[in-house]
Every structure is written in structure tokens, then in C-alpha cells.
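Everything on this sheet refers to the single structure shown next.
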Amino acid sequence: MEAPHVLVVPFPARGHAVPLLDLVALLAARGLRLSVVTTPANLPLLSPLLAAHPAAVRAVTFPFPSHPSLPAGLENTKGCGPGQFPTFIHAFAGLREPVLAWTRAQPDPVVAVVADFFCGWAQPLAREIGAAGIVFSPSGVLGVAVMHSIFRRLVRRPEGSDDDRFSVAFPAIPGEPSFQWRELMMMYQNYMAGALEEKVGEAVRQNFLWNQQDSWGFVSNTFRALEGTYLEQPLEDLAFRRVWAVGPVAPYTVAAGARGGEAADLMAWLDGFPEGSVVYVCFGSQALLTPPVAAALAEALERSAVPFVWAMGGGGGGVVVPEGFEARVAGRGRVVRGWAPQVALLRHAAVGWFVTHCGWNSTLEAVAAGVPMLAWPMTGDQFFDAWLLVDEAGVAVRACEGGIAFVPDAGELASVLADVAGEKGRGVRARAKELAEEAARAVKEGGSSYADLEGLVQEIRK
Ligand code: UDP
């Protein structure tokens, strides 16, 4: 029998595309044939996948749809200001017509479309061609439920519409929602209200909110031992017809440096430190710390006296540290200005804690590596991810809270760093090791994520 043909639509942000491409590799290994939509500047992201699965996976490249409010040549959210994000989502939706035309011209019909949750336009497209539309979430299910509810509250009811999806409350959290929970909701709502411009509200509706209504199924890079509560008693706002939890999708066997970053020198440097003694600091691929925030963090690292690796990731050369900082911490601290080999670093035995913005990929990478986290959420669903990690899963300690521009107290942050390195961090460290075992079990034969992935493939094959 011909292998079923699946169309895949990643959203061009690294944190979204990489896990979806990991899922593509898993689907290719299970006998599906996959065509992945991309644009010229994003094609390199696909290289490892295409090299590993030359027969099963191919790239389909379209020009990036131009938009008057976006700089020419911008094809990835890297380089996008936060205010431009909704416009970027809107611009990318311009691929709908060319992708539809391409799909119709294929000799082997597309039976399923797997599209990132910011590409809601792919769901009606799937219906139009008679394929199953599947939403891929690079985030966990709690984060998505919360975002759905907040988007609904923010996006204005279209004139004349009596659609009751516009009058929603915050999702009910199983158990007693704490005061703090409501505060988090309000904070995020305010953040989004600022980021959403009225003129792109319609695009957000189409490309995020309506996923739920138009899709046939929903697949999330999460797993039952982490988010079982929200999978078993689905929140009202995650009322997708079918939900598969298939994470962590990242392979366990990534070689050091395989996801980019110069690994050898750092790994050798880390070899010189005792097990669990080094703090790894990184805020993902997008966040750019302002000078006062960077200065507070630098001071905290300096005062705490802990060994550390500070990867400036997204911000890269743009992050400014105080004069002389690197010289003063030489020998026990390293600053990585380019792309860091994060997965390899987290798996190095010397790395004991991870100061993170709680981006979902970073979260799962730390969970899989059994590294406890110091949660410093900065935007979006990260606030809810932090809540999940600290209050529910018990694998993280709160480092800082208050958004990307919030300047923490260097002294307080230094004592959190020093505390976790000692006795105080012990319980959280043990719990992180446990959860790592649960994550590893989930993706092995007999595990929950393994079973969900098999179920997804079976449904696609039907
Ligand atoms: N990452 C990396 N090196 C860096 C910075 C980030 O490898 O220097 C990777 C990290 O391992 C993760 C991704 O980039 O896979 C960031 O995704 P996440 O969801 O954590 O955050 P986002 O970048 O979307 O804010």
C-alpha cells in the first residue's frame, strides 16, 4: 500500500518549528510520507530532517508572503518585535492560496494536514481538500487552554455576531484556583491586550482561536505524567475532539552540537566541575534582556559565587553585561554569545540547575535531562508553564516573576541561586530526576506518549 501523504505546516519560529520537525521524524519512521511547507530562509532548519529521511520527507518551498508592515526579507520571528508578532502570523497566512493550489496539483492526495497552532488557516484548507486537519501545539495543554481563553476575551465579537465564544471566563482549574492563578491570568491578559492590534484581531481569530473549532484533532508536545490533570479532565478551553500527547518529541540520542552551537570546548570546560554544581542560564531563542535586567542577573551570578554558563541565545551579541563582568567571574563562569548547544549542556553531569524563561522546549529538554529549574517566565504561556513546574510538578523553584522588563533584585536572586545549590534544592532535584524517568518511560514502547503516537498514525492511516 502507498504510504499516506501528510502535509506539514510549521510556523517559522525556532521554538515552534523544531519540535514539529521532531514529530515529522517520528511519523516518517512509522511509514508516513511527509511534505513540509517552508520558505527560502527557513529551509536550512529542515536540513537535518531531510538528510535523515530522504525518501519519506521532502520540503516544499514557497516565497514568504510579503506584508506592508513587515521588513522585506523577514521570514522568521527572530528579528520580529513583540508588537509585530500578530502581523507576522497574519502575513504567514498568505501562504493559504499557494499551498492549497500546490496540494490540489499533487498526484497523491494529502490525507492529513498537521499545522502549527499559529497556522489556523491550514485547518479550513484541510477540510477543503477532504483531509484530516490536525493542530500541532509546541506548548503544553494547560498553556494552550489558557491562551485560548485569553484570546477569546481579547478579540472583539464581530459586529452583529451573537457567537457566545466571545464571552468566556478564565478556564476553571481542577481543584481550588488560587488567588495567584487569577493574578497570572490578568497579567497575561494585559500583556496580550498590549500586543494585539485591533487591525490584526481577525487574523488572530483565524490563526489561533478557530483551530479548535475547525480541526479534527490536536497533538501536543507534552506527556501524561506532566500534564495528566489537564488531559484527563480537559479544560473547557481545550475541547478539541481528539487530543494526543506525544512528548517529549525531541530525540534522546541527539549528539552534542547536533542542534547547533559549539559544543566541544564548553563540554571540556564543564568536565572540570563536580556533578550538579553548575547553573546553566538561558532564556530561549527570542528573548533579549534589557541592560538593567542583564546587569541584575550578572550581579546575582557574581554575588552567588556559583559556577555558571550563561547562554545569551536569542539576544546574542545584543545583551550588554556590566564592564569587567567576564573577567571577574573567569574560571567559574562562561558567557556564550552565540547559539549554545543547550540539549548537550543540560545533559552534562556538571549542570545541576537551569535558570529558564520556561519556554516549552527548554522546559521539556530540562525535564528529559532531569535538571531542576529556576523559573523566570517572561512572556506568553511561560507564566503558566512556570506555575505548572513549580506548583504542580515540583521540579522548579521560582527565581523571578514579572515579565521580560522586570528588573529583579540582584541580592534576592543571588540568594535563590546559592540556596538551591545547597540543602534547600534537594527535594526539587530528586523530583526532577523522577520526572525524567517518567518522561523516558512515556516515549518508550508501552508508554503513554508512545501509545498516543501510534494512535495518531493509525487514525491517519484509516
Ligand atoms: N536554544 C539553543 N541554544 C541557545 C538558545 C536556545 O539550543 O543558545 C534552543 C533550546 O534548546 C530550545 C529552543 O532553542 O529548544 C528554545 O525554545 P523555547 O520553547 O524554550 O523558547 P523560545 O525560543 O520559543 O522562547
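Chain labels A, B, ... are given in the sequence in which chains occur in the C-alpha cells; within each chain residues are numbered consecutively from 1, and ligands are likewise numbered from 1 in the order shown.
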Using only C-alpha atoms, which protein or nucleic acid residues come within 12 Å of segment 425-436 of chain A? Drop anything in the same chain fewer than 2 positions from it, and give the result as a PyMOL selection string. chain A and resi 223-227+248+252+276-277+347+351-354+363-374+389-398+416-423+438-443
Set the distance at 9 Å and use only C-alpha atoms: which residues neighbour Gly140 of chain A once local chain neighbours fewer than 2 positions away are removed? I'd like the list as number ranges by chain. A: 137-138, 142-145, 220-223, 227, 245, 360, 381, 385
Selected residues written out with C-alpha atoms, as a PDB file, in the first residue's frame:
ATOM      1  CA  SER A 137       0.981  22.514  19.722  1.00  0.00           C
ATOM      2  CA  PRO A 138       4.630  23.141  20.580  1.00  0.00           C
ATOM      3  CA  LEU A 142      -2.505  23.904  30.061  1.00  0.00           C
ATOM      4  CA  GLY A 143      -0.729  26.779  28.323  1.00  0.00           C
ATOM      5  CA  VAL A 144      -2.862  26.373  25.205  1.00  0.00           C
ATOM      6  CA  ALA A 145      -6.110  26.251  27.167  1.00  0.00           C
ATOM      7  CA  SER A 220       0.738  18.345  21.839  1.00  0.00           C
ATOM      8  CA  ASN A 221       4.382  18.020  22.778  1.00  0.00           C
ATOM      9  CA  THR A 222       3.538  17.029  26.321  1.00  0.00           C
ATOM     10  CA  PHE A 223       3.087  13.823  28.293  1.00  0.00           C
ATOM     11  CA  GLU A 227       0.019  17.288  32.356  1.00  0.00           C
ATOM     12  CA  ALA A 245       0.036  13.822  23.984  1.00  0.00           C
ATOM     13  CA  TRP A 360       8.086  24.877  26.491  1.00  0.00           C
ATOM     14  CA  ASP A 381       2.347  30.792  28.233  1.00  0.00           C
ATOM     15  CA  ASP A 385       4.432  26.760  32.418  1.00  0.00           C
TER      16      ASP A 385
END
Show me, as a Markdown table, the residues of chain A having an atom within 7 Å of ligand 1, each with the closest atom pair and its distance in Å, using only C-alpha atoms and all ligand atoms.
| residue | atom | partner | partner_atom_place_in_ligand_line | distance |
| --- | --- | --- | --- | --- |
| A:Arg14 | CA | ligand 1 | 23 (O) | 6.4 |
| A:Gly15 | CA | ligand 1 | 24 (O) | 3.8 |
| A:His16 | CA | ligand 1 | 24 (O) | 6.6 |
| A:Arg259 | CA | ligand 1 | 7 (O) | 6.1 |
| A:Gly260 | CA | ligand 1 | 7 (O) | 6.4 |
| A:Gly261 | CA | ligand 1 | 3 (N) | 6.7 |
| A:Cys282 | CA | ligand 1 | 5 (C) | 6.4 |
| A:Phe283 | CA | ligand 1 | 25 (O) | 6.7 |
| A:Gly284 | CA | ligand 1 | 23 (O) | 3.8 |
| A:Ser285 | CA | ligand 1 | 23 (O) | 3.4 |
| A:Gln286 | CA | ligand 1 | 23 (O) | 4.9 |
| A:Ala287 | CA | ligand 1 | 25 (O) | 6.4 |
| A:Ala311 | CA | ligand 1 | 8 (O) | 5.4 |
| A:Met312 | CA | ligand 1 | 8 (O) | 6.1 |
| A:Gly313 | CA | ligand 1 | 8 (O) | 3.4 |
| A:Gly314 | CA | ligand 1 | 5 (C) | 6.0 |
| A:Gly338 | CA | ligand 1 | 8 (O) | 6.5 |
| A:Trp339 | CA | ligand 1 | 8 (O) | 3.8 |
| A:Ala340 | CA | ligand 1 | 8 (O) | 3.6 |
| A:Pro341 | CA | ligand 1 | 7 (O) | 5.0 |
| A:Gln342 | CA | ligand 1 | 7 (O) | 4.3 |
| A:Val343 | CA | ligand 1 | 11 (O) | 5.5 |
| A:Cys358 | CA | ligand 1 | 20 (O) | 6.3 |
| A:Gly359 | CA | ligand 1 | 20 (O) | 3.6 |
| A:Trp360 | CA | ligand 1 | 19 (O) | 4.3 |
| A:Asn361 | CA | ligand 1 | 19 (O) | 3.7 |
| A:Ser362 | CA | ligand 1 | 20 (O) | 3.6 |
| A:Thr363 | CA | ligand 1 | 20 (O) | 6.4 |
| A:Glu365 | CA | ligand 1 | 11 (O) | 6.9 |
Counting only C-alpha atoms, which residues of segment 29-78 of chain A fall within 7 Å of segment 86-102 of chain A, and what is the closest atom pair for each with its distance in Å at one decimal, ordered by chain and rising number, as CSV?
residue,atom,partner,partner_atom,distance
A:Pro65,CA,A:Gly94,CA,5.5
A:Ser66,CA,A:Ala91,CA,6.8
A:His67,CA,A:Ala91,CA,5.8
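From atom CA of Ala327 of chain A back to atom CA of Asp271 of chain A, the distance works out to 20.8 Å.
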Close residues, Phe308 of chain A itself excluded, 6 Å, only C-alpha atoms, min 4 positions apart in chain, as a PDB file with all heavy atoms, in the first residue's frame:
ATOM      1  N   VAL A 278      27.000  23.224  38.462  1.00  0.00           N
ATOM      2  CA  VAL A 278      26.965  24.385  37.563  1.00  0.00           C
ATOM      3  C   VAL A 278      25.520  24.786  37.241  1.00  0.00           C
ATOM      4  O   VAL A 278      24.665  23.937  37.015  1.00  0.00           O
ATOM      5  CB  VAL A 278      27.719  24.065  36.242  1.00  0.00           C
ATOM      6  CG1 VAL A 278      27.674  25.250  35.275  1.00  0.00           C
ATOM      7  CG2 VAL A 278      29.163  23.670  36.527  1.00  0.00           C
ATOM      8  N   VAL A 279      25.284  26.093  37.236  1.00  0.00           N
ATOM      9  CA  VAL A 279      23.967  26.616  36.848  1.00  0.00           C
ATOM     10  C   VAL A 279      24.044  27.037  35.382  1.00  0.00           C
ATOM     11  O   VAL A 279      24.947  27.788  34.986  1.00  0.00           O
ATOM     12  CB  VAL A 279      23.582  27.833  37.720  1.00  0.00           C
ATOM     13  CG1 VAL A 279      22.276  28.464  37.232  1.00  0.00           C
ATOM     14  CG2 VAL A 279      23.442  27.411  39.179  1.00  0.00           C
ATOM     15  N   TYR A 280      23.116  26.534  34.597  1.00  0.00           N
ATOM     16  CA  TYR A 280      23.035  26.925  33.186  1.00  0.00           C
ATOM     17  C   TYR A 280      21.913  27.955  33.050  1.00  0.00           C
ATOM     18  O   TYR A 280      20.798  27.747  33.531  1.00  0.00           O
ATOM     19  CB  TYR A 280      22.768  25.682  32.321  1.00  0.00           C
ATOM     20  CG  TYR A 280      22.381  25.989  30.893  1.00  0.00           C
ATOM     21  CD1 TYR A 280      23.241  26.704  30.059  1.00  0.00           C
ATOM     22  CD2 TYR A 280      21.166  25.560  30.371  1.00  0.00           C
ATOM     23  CE1 TYR A 280      22.887  26.995  28.751  1.00  0.00           C
ATOM     24  CE2 TYR A 280      20.808  25.840  29.053  1.00  0.00           C
ATOM     25  CZ  TYR A 280      21.665  26.557  28.250  1.00  0.00           C
ATOM     26  OH  TYR A 280      21.320  26.854  26.962  1.00  0.00           O
ATOM     27  N   GLY A 333      32.797  31.033  35.504  1.00  0.00           N
ATOM     28  CA  GLY A 333      31.627  31.421  34.729  1.00  0.00           C
ATOM     29  C   GLY A 333      31.969  31.609  33.267  1.00  0.00           C
ATOM     30  O   GLY A 333      33.042  32.106  32.934  1.00  0.00           O
TER      31      GLY A 333
END
Using only C-alpha atoms, the best pick from A:Val407, A:Ala41, A:Val24, A:Ala399 as closest to Ala294 of chain A would be A:Val407
For Trp244 of chain A, list every protein, DNA or RNA residue within 10 Å, evaluated using only C-alpha atoms, and leave out those in the same chain fewer than 5 positions away; present the list as a ChimeraX atom specification. /A:136,217-224,231,448-449,451-456
For N, CA and C atoms, I'd like the residues from the last selection saved as a short mmCIF file (atom, residue, chain, number, x, y, z; two decimals), in the first residue's frame.
data_model
loop_
_atom_site.label_atom_id
_atom_site.label_comp_id
_atom_site.auth_asym_id
_atom_site.auth_seq_id
_atom_site.Cartn_x
_atom_site.Cartn_y
_atom_site.Cartn_z
N PHE A 136 -0.93 21.16 15.63
CA PHE A 136 0.24 20.79 16.45
C PHE A 136 0.51 21.91 17.45
N GLY A 217 -8.27 17.10 15.04
CA GLY A 217 -7.55 16.58 16.19
C GLY A 217 -6.44 17.54 16.62
N PHE A 218 -5.85 17.25 17.75
CA PHE A 218 -4.88 18.15 18.37
C PHE A 218 -3.75 17.30 18.93
N VAL A 219 -2.52 17.65 18.57
CA VAL A 219 -1.40 16.88 19.09
C VAL A 219 -0.44 17.82 19.81
N SER A 220 -0.06 17.45 21.01
CA SER A 220 0.74 18.34 21.84
C SER A 220 2.04 17.68 22.26
N ASN A 221 3.09 18.51 22.31
CA ASN A 221 4.38 18.02 22.78
C ASN A 221 4.40 18.02 24.31
N THR A 222 3.59 17.13 24.87
CA THR A 222 3.54 17.03 26.32
C THR A 222 3.37 15.55 26.67
N PHE A 223 3.29 15.23 27.94
CA PHE A 223 3.09 13.82 28.29
C PHE A 223 2.28 13.72 29.58
N ARG A 224 1.67 12.55 29.74
CA ARG A 224 0.67 12.40 30.80
C ARG A 224 1.21 12.61 32.21
N LEU A 231 -5.18 16.64 30.74
CA LEU A 231 -5.54 15.75 29.62
C LEU A 231 -6.74 14.90 30.02
N SER A 448 2.87 6.17 27.61
CA SER A 448 1.66 6.91 27.20
C SER A 448 1.87 7.70 25.91
N SER A 449 3.02 8.34 25.76
CA SER A 449 3.25 9.13 24.55
C SER A 449 3.46 8.22 23.34
N ALA A 451 2.07 5.32 22.94
CA ALA A 451 0.73 4.83 22.57
C ALA A 451 -0.05 5.91 21.82
N ASP A 452 0.06 7.16 22.28
CA ASP A 452 -0.67 8.24 21.61
C ASP A 452 -0.15 8.44 20.18
N LEU A 453 1.16 8.32 20.01
CA LEU A 453 1.74 8.49 18.68
C LEU A 453 1.26 7.37 17.74
N GLU A 454 1.26 6.14 18.25
CA GLU A 454 0.76 5.02 17.46
C GLU A 454 -0.71 5.27 17.09
N GLY A 455 -1.47 5.76 18.06
CA GLY A 455 -2.89 6.04 17.83
C GLY A 455 -3.07 7.09 16.74
N LEU A 456 -2.24 8.11 16.78
CA LEU A 456 -2.30 9.17 15.77
C LEU A 456 -2.02 8.60 14.38
#
I need the residues of segment 242-372 of chain A that end up classed as strand (DSSP E or B) by DSSP on the backbone, written out as a list in words. Val243, Trp244, Ala245, Val278, Val279, Tyr280, Val281, Cys282, Phe308, Val309, Trp310, Ala311, Gly333, Arg334, Val335, Val336, Val351, Gly352, Trp353, Phe354, Val355 and Thr356 of chain A
Alpha helix (DSSP H) per DSSP on the backbone: members of segment 21-145 of chain A, as a VMD selection string: chain A and resid 21 to 29 47 to 52 85 to 92 96 to 104 122 to 128 141 to 145
Same residues, C-alpha atoms, output as a PDB file, in the first residue's frame:
ATOM      1  CA  LEU A  21      10.083  18.660  12.699  1.00  0.00           C
ATOM      2  CA  ASP A  22      10.927  16.214  15.508  1.00  0.00           C
ATOM      3  CA  LEU A  23       7.373  14.936  15.231  1.00  0.00           C
ATOM      4  CA  VAL A  24       7.782  14.635  11.439  1.00  0.00           C
ATOM      5  CA  ALA A  25      10.817  12.397  12.024  1.00  0.00           C
ATOM      6  CA  LEU A  26       8.726  10.184  14.312  1.00  0.00           C
ATOM      7  CA  LEU A  27       5.944   9.978  11.721  1.00  0.00           C
ATOM      8  CA  ALA A  28       8.426   9.238   8.918  1.00  0.00           C
ATOM      9  CA  ALA A  29       9.861   6.393  10.980  1.00  0.00           C
ATOM     10  CA  SER A  47      18.351  20.122   6.593  1.00  0.00           C
ATOM     11  CA  PRO A  48      18.955  17.525   9.346  1.00  0.00           C
ATOM     12  CA  LEU A  49      15.472  16.099   8.875  1.00  0.00           C
ATOM     13  CA  LEU A  50      15.794  15.867   5.084  1.00  0.00           C
ATOM     14  CA  ALA A  51      19.194  14.236   5.438  1.00  0.00           C
ATOM     15  CA  ALA A  52      17.873  11.666   7.923  1.00  0.00           C
ATOM     16  CA  PHE A  85       4.160  39.137  16.159  1.00  0.00           C
ATOM     17  CA  PRO A  86       0.424  39.199  15.338  1.00  0.00           C
ATOM     18  CA  THR A  87       1.221  40.862  11.988  1.00  0.00           C
ATOM     19  CA  PHE A  88       3.744  38.135  11.264  1.00  0.00           C
ATOM     20  CA  ILE A  89       1.117  35.452  11.938  1.00  0.00           C
ATOM     21  CA  HIS A  90      -1.209  37.324   9.614  1.00  0.00           C
ATOM     22  CA  ALA A  91       1.413  37.621   6.858  1.00  0.00           C
ATOM     23  CA  PHE A  92       2.306  33.942   7.025  1.00  0.00           C
ATOM     24  CA  ARG A  96      -3.007  29.593   2.198  1.00  0.00           C
ATOM     25  CA  GLU A  97      -3.773  30.021  -1.515  1.00  0.00           C
ATOM     26  CA  PRO A  98      -0.404  28.855  -2.918  1.00  0.00           C
ATOM     27  CA  VAL A  99      -0.374  25.866  -0.553  1.00  0.00           C
ATOM     28  CA  LEU A 100      -3.922  24.963  -1.489  1.00  0.00           C
ATOM     29  CA  ALA A 101      -3.074  25.160  -5.208  1.00  0.00           C
ATOM     30  CA  TRP A 102       0.025  23.020  -4.678  1.00  0.00           C
ATOM     31  CA  THR A 103      -1.929  20.453  -2.707  1.00  0.00           C
ATOM     32  CA  ARG A 104      -4.555  20.158  -5.423  1.00  0.00           C
ATOM     33  CA  ALA A 122      -4.410  25.291   7.398  1.00  0.00           C
ATOM     34  CA  GLN A 123      -7.458  23.814   9.146  1.00  0.00           C
ATOM     35  CA  PRO A 124     -10.160  25.036   6.718  1.00  0.00           C
ATOM     36  CA  LEU A 125      -7.673  24.204   3.936  1.00  0.00           C
ATOM     37  CA  ALA A 126      -7.577  20.612   5.184  1.00  0.00           C
ATOM     38  CA  ARG A 127     -11.338  20.460   5.131  1.00  0.00           C
ATOM     39  CA  GLU A 128     -11.478  21.859   1.633  1.00  0.00           C
ATOM     40  CA  VAL A 141      -2.070  21.655  27.033  1.00  0.00           C
ATOM     41  CA  LEU A 142      -2.505  23.904  30.061  1.00  0.00           C
ATOM     42  CA  GLY A 143      -0.729  26.779  28.323  1.00  0.00           C
ATOM     43  CA  VAL A 144      -2.862  26.373  25.205  1.00  0.00           C
ATOM     44  CA  ALA A 145      -6.110  26.251  27.167  1.00  0.00           C
TER      45      ALA A 145
END
Just the residues within 8 Å of Pro63 of chain A, please, counting only C-alpha atoms, with nothing from its chain fewer than 2 positions along; format it as a list of chain:residue names. A:Thr39, A:Pro40, A:Thr61, A:Pro65
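Distance check against Pro4 of chain A using only C-alpha atoms: of A:His148, A:Arg337, A:Arg33, A:His357, the minimum falls on A:Arg33.
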Ser215 of chain A: which residues within 8 Å, counting only C-alpha atoms, same-chain residues fewer than 5 positions away excluded, as a PDB file with all heavy atoms, in the first residue's frame?
ATOM      1  N   GLN A 123      -6.369  24.709   8.752  1.00  0.00           N
ATOM      2  CA  GLN A 123      -7.458  23.814   9.146  1.00  0.00           C
ATOM      3  C   GLN A 123      -8.625  23.846   8.148  1.00  0.00           C
ATOM      4  O   GLN A 123      -9.024  22.793   7.660  1.00  0.00           O
ATOM      5  CB  GLN A 123      -7.912  24.107  10.586  1.00  0.00           C
ATOM      6  CG  GLN A 123      -6.794  23.934  11.630  1.00  0.00           C
ATOM      7  CD  GLN A 123      -6.131  22.565  11.581  1.00  0.00           C
ATOM      8  OE1 GLN A 123      -6.776  21.562  11.276  1.00  0.00           O
ATOM      9  NE2 GLN A 123      -4.839  22.515  11.863  1.00  0.00           N
ATOM     10  N   PRO A 124      -9.147  25.030   7.786  1.00  0.00           N
ATOM     11  CA  PRO A 124     -10.160  25.036   6.718  1.00  0.00           C
ATOM     12  C   PRO A 124      -9.595  24.512   5.396  1.00  0.00           C
ATOM     13  O   PRO A 124     -10.322  23.871   4.622  1.00  0.00           O
ATOM     14  CB  PRO A 124     -10.572  26.509   6.613  1.00  0.00           C
ATOM     15  CG  PRO A 124      -9.656  27.280   7.486  1.00  0.00           C
ATOM     16  CD  PRO A 124      -8.986  26.335   8.421  1.00  0.00           C
ATOM     17  N   ALA A 132      -7.733  15.218   6.962  1.00  0.00           N
ATOM     18  CA  ALA A 132      -7.899  15.431   8.406  1.00  0.00           C
ATOM     19  C   ALA A 132      -7.001  16.582   8.836  1.00  0.00           C
ATOM     20  O   ALA A 132      -5.803  16.555   8.587  1.00  0.00           O
ATOM     21  CB  ALA A 132      -7.523  14.163   9.162  1.00  0.00           C
ATOM     22  N   GLY A 133      -7.574  17.576   9.484  1.00  0.00           N
ATOM     23  CA  GLY A 133      -6.787  18.725   9.940  1.00  0.00           C
ATOM     24  C   GLY A 133      -6.352  18.527  11.380  1.00  0.00           C
ATOM     25  O   GLY A 133      -7.184  18.358  12.268  1.00  0.00           O
ATOM     26  N   ILE A 134      -5.043  18.528  11.593  1.00  0.00           N
ATOM     27  CA  ILE A 134      -4.525  18.274  12.938  1.00  0.00           C
ATOM     28  C   ILE A 134      -3.700  19.481  13.381  1.00  0.00           C
ATOM     29  O   ILE A 134      -2.792  19.919  12.677  1.00  0.00           O
ATOM     30  CB  ILE A 134      -3.662  16.993  12.945  1.00  0.00           C
ATOM     31  CG1 ILE A 134      -4.520  15.799  12.514  1.00  0.00           C
ATOM     32  CG2 ILE A 134      -3.055  16.757  14.327  1.00  0.00           C
ATOM     33  CD1 ILE A 134      -3.725  14.571  12.161  1.00  0.00           C
ATOM     34  N   VAL A 135      -4.031  20.004  14.563  1.00  0.00           N
ATOM     35  CA  VAL A 135      -3.290  21.138  15.107  1.00  0.00           C
ATOM     36  C   VAL A 135      -2.106  20.607  15.893  1.00  0.00           C
ATOM     37  O   VAL A 135      -2.261  19.706  16.720  1.00  0.00           O
ATOM     38  CB  VAL A 135      -4.184  21.965  16.061  1.00  0.00           C
ATOM     39  CG1 VAL A 135      -3.395  23.130  16.665  1.00  0.00           C
ATOM     40  CG2 VAL A 135      -5.419  22.473  15.339  1.00  0.00           C
ATOM     41  N   PHE A 240     -10.851  20.065  22.220  1.00  0.00           N
ATOM     42  CA  PHE A 240     -10.615  19.501  20.894  1.00  0.00           C
ATOM     43  C   PHE A 240     -11.242  18.116  20.854  1.00  0.00           C
ATOM     44  O   PHE A 240     -11.357  17.451  21.878  1.00  0.00           O
ATOM     45  CB  PHE A 240      -9.108  19.399  20.627  1.00  0.00           C
ATOM     46  CG  PHE A 240      -8.468  20.709  20.333  1.00  0.00           C
ATOM     47  CD1 PHE A 240      -7.909  21.459  21.349  1.00  0.00           C
ATOM     48  CD2 PHE A 240      -8.431  21.201  19.043  1.00  0.00           C
ATOM     49  CE1 PHE A 240      -7.316  22.685  21.083  1.00  0.00           C
ATOM     50  CE2 PHE A 240      -7.841  22.419  18.767  1.00  0.00           C
ATOM     51  CZ  PHE A 240      -7.282  23.166  19.792  1.00  0.00           C
TER      52      PHE A 240
END
As an exercise, work out the distance from atom CA of Leu301 of chain A to atom CA of Gly81 of chain A in Å and give it to one decimal place. 28.2 Å
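For the residues A:Ala405, A:Ala410, A:Val319, A:Val309, ranking by smallest atom-to-atom distance to Ala296 of chain A using only C-alpha atoms places A:Ala410 first.
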Figure out the distance between atom CA of Asp116 of chain A and atom CA of Phe64 of chain A, please, to one decimal in Å. 16.5 Å
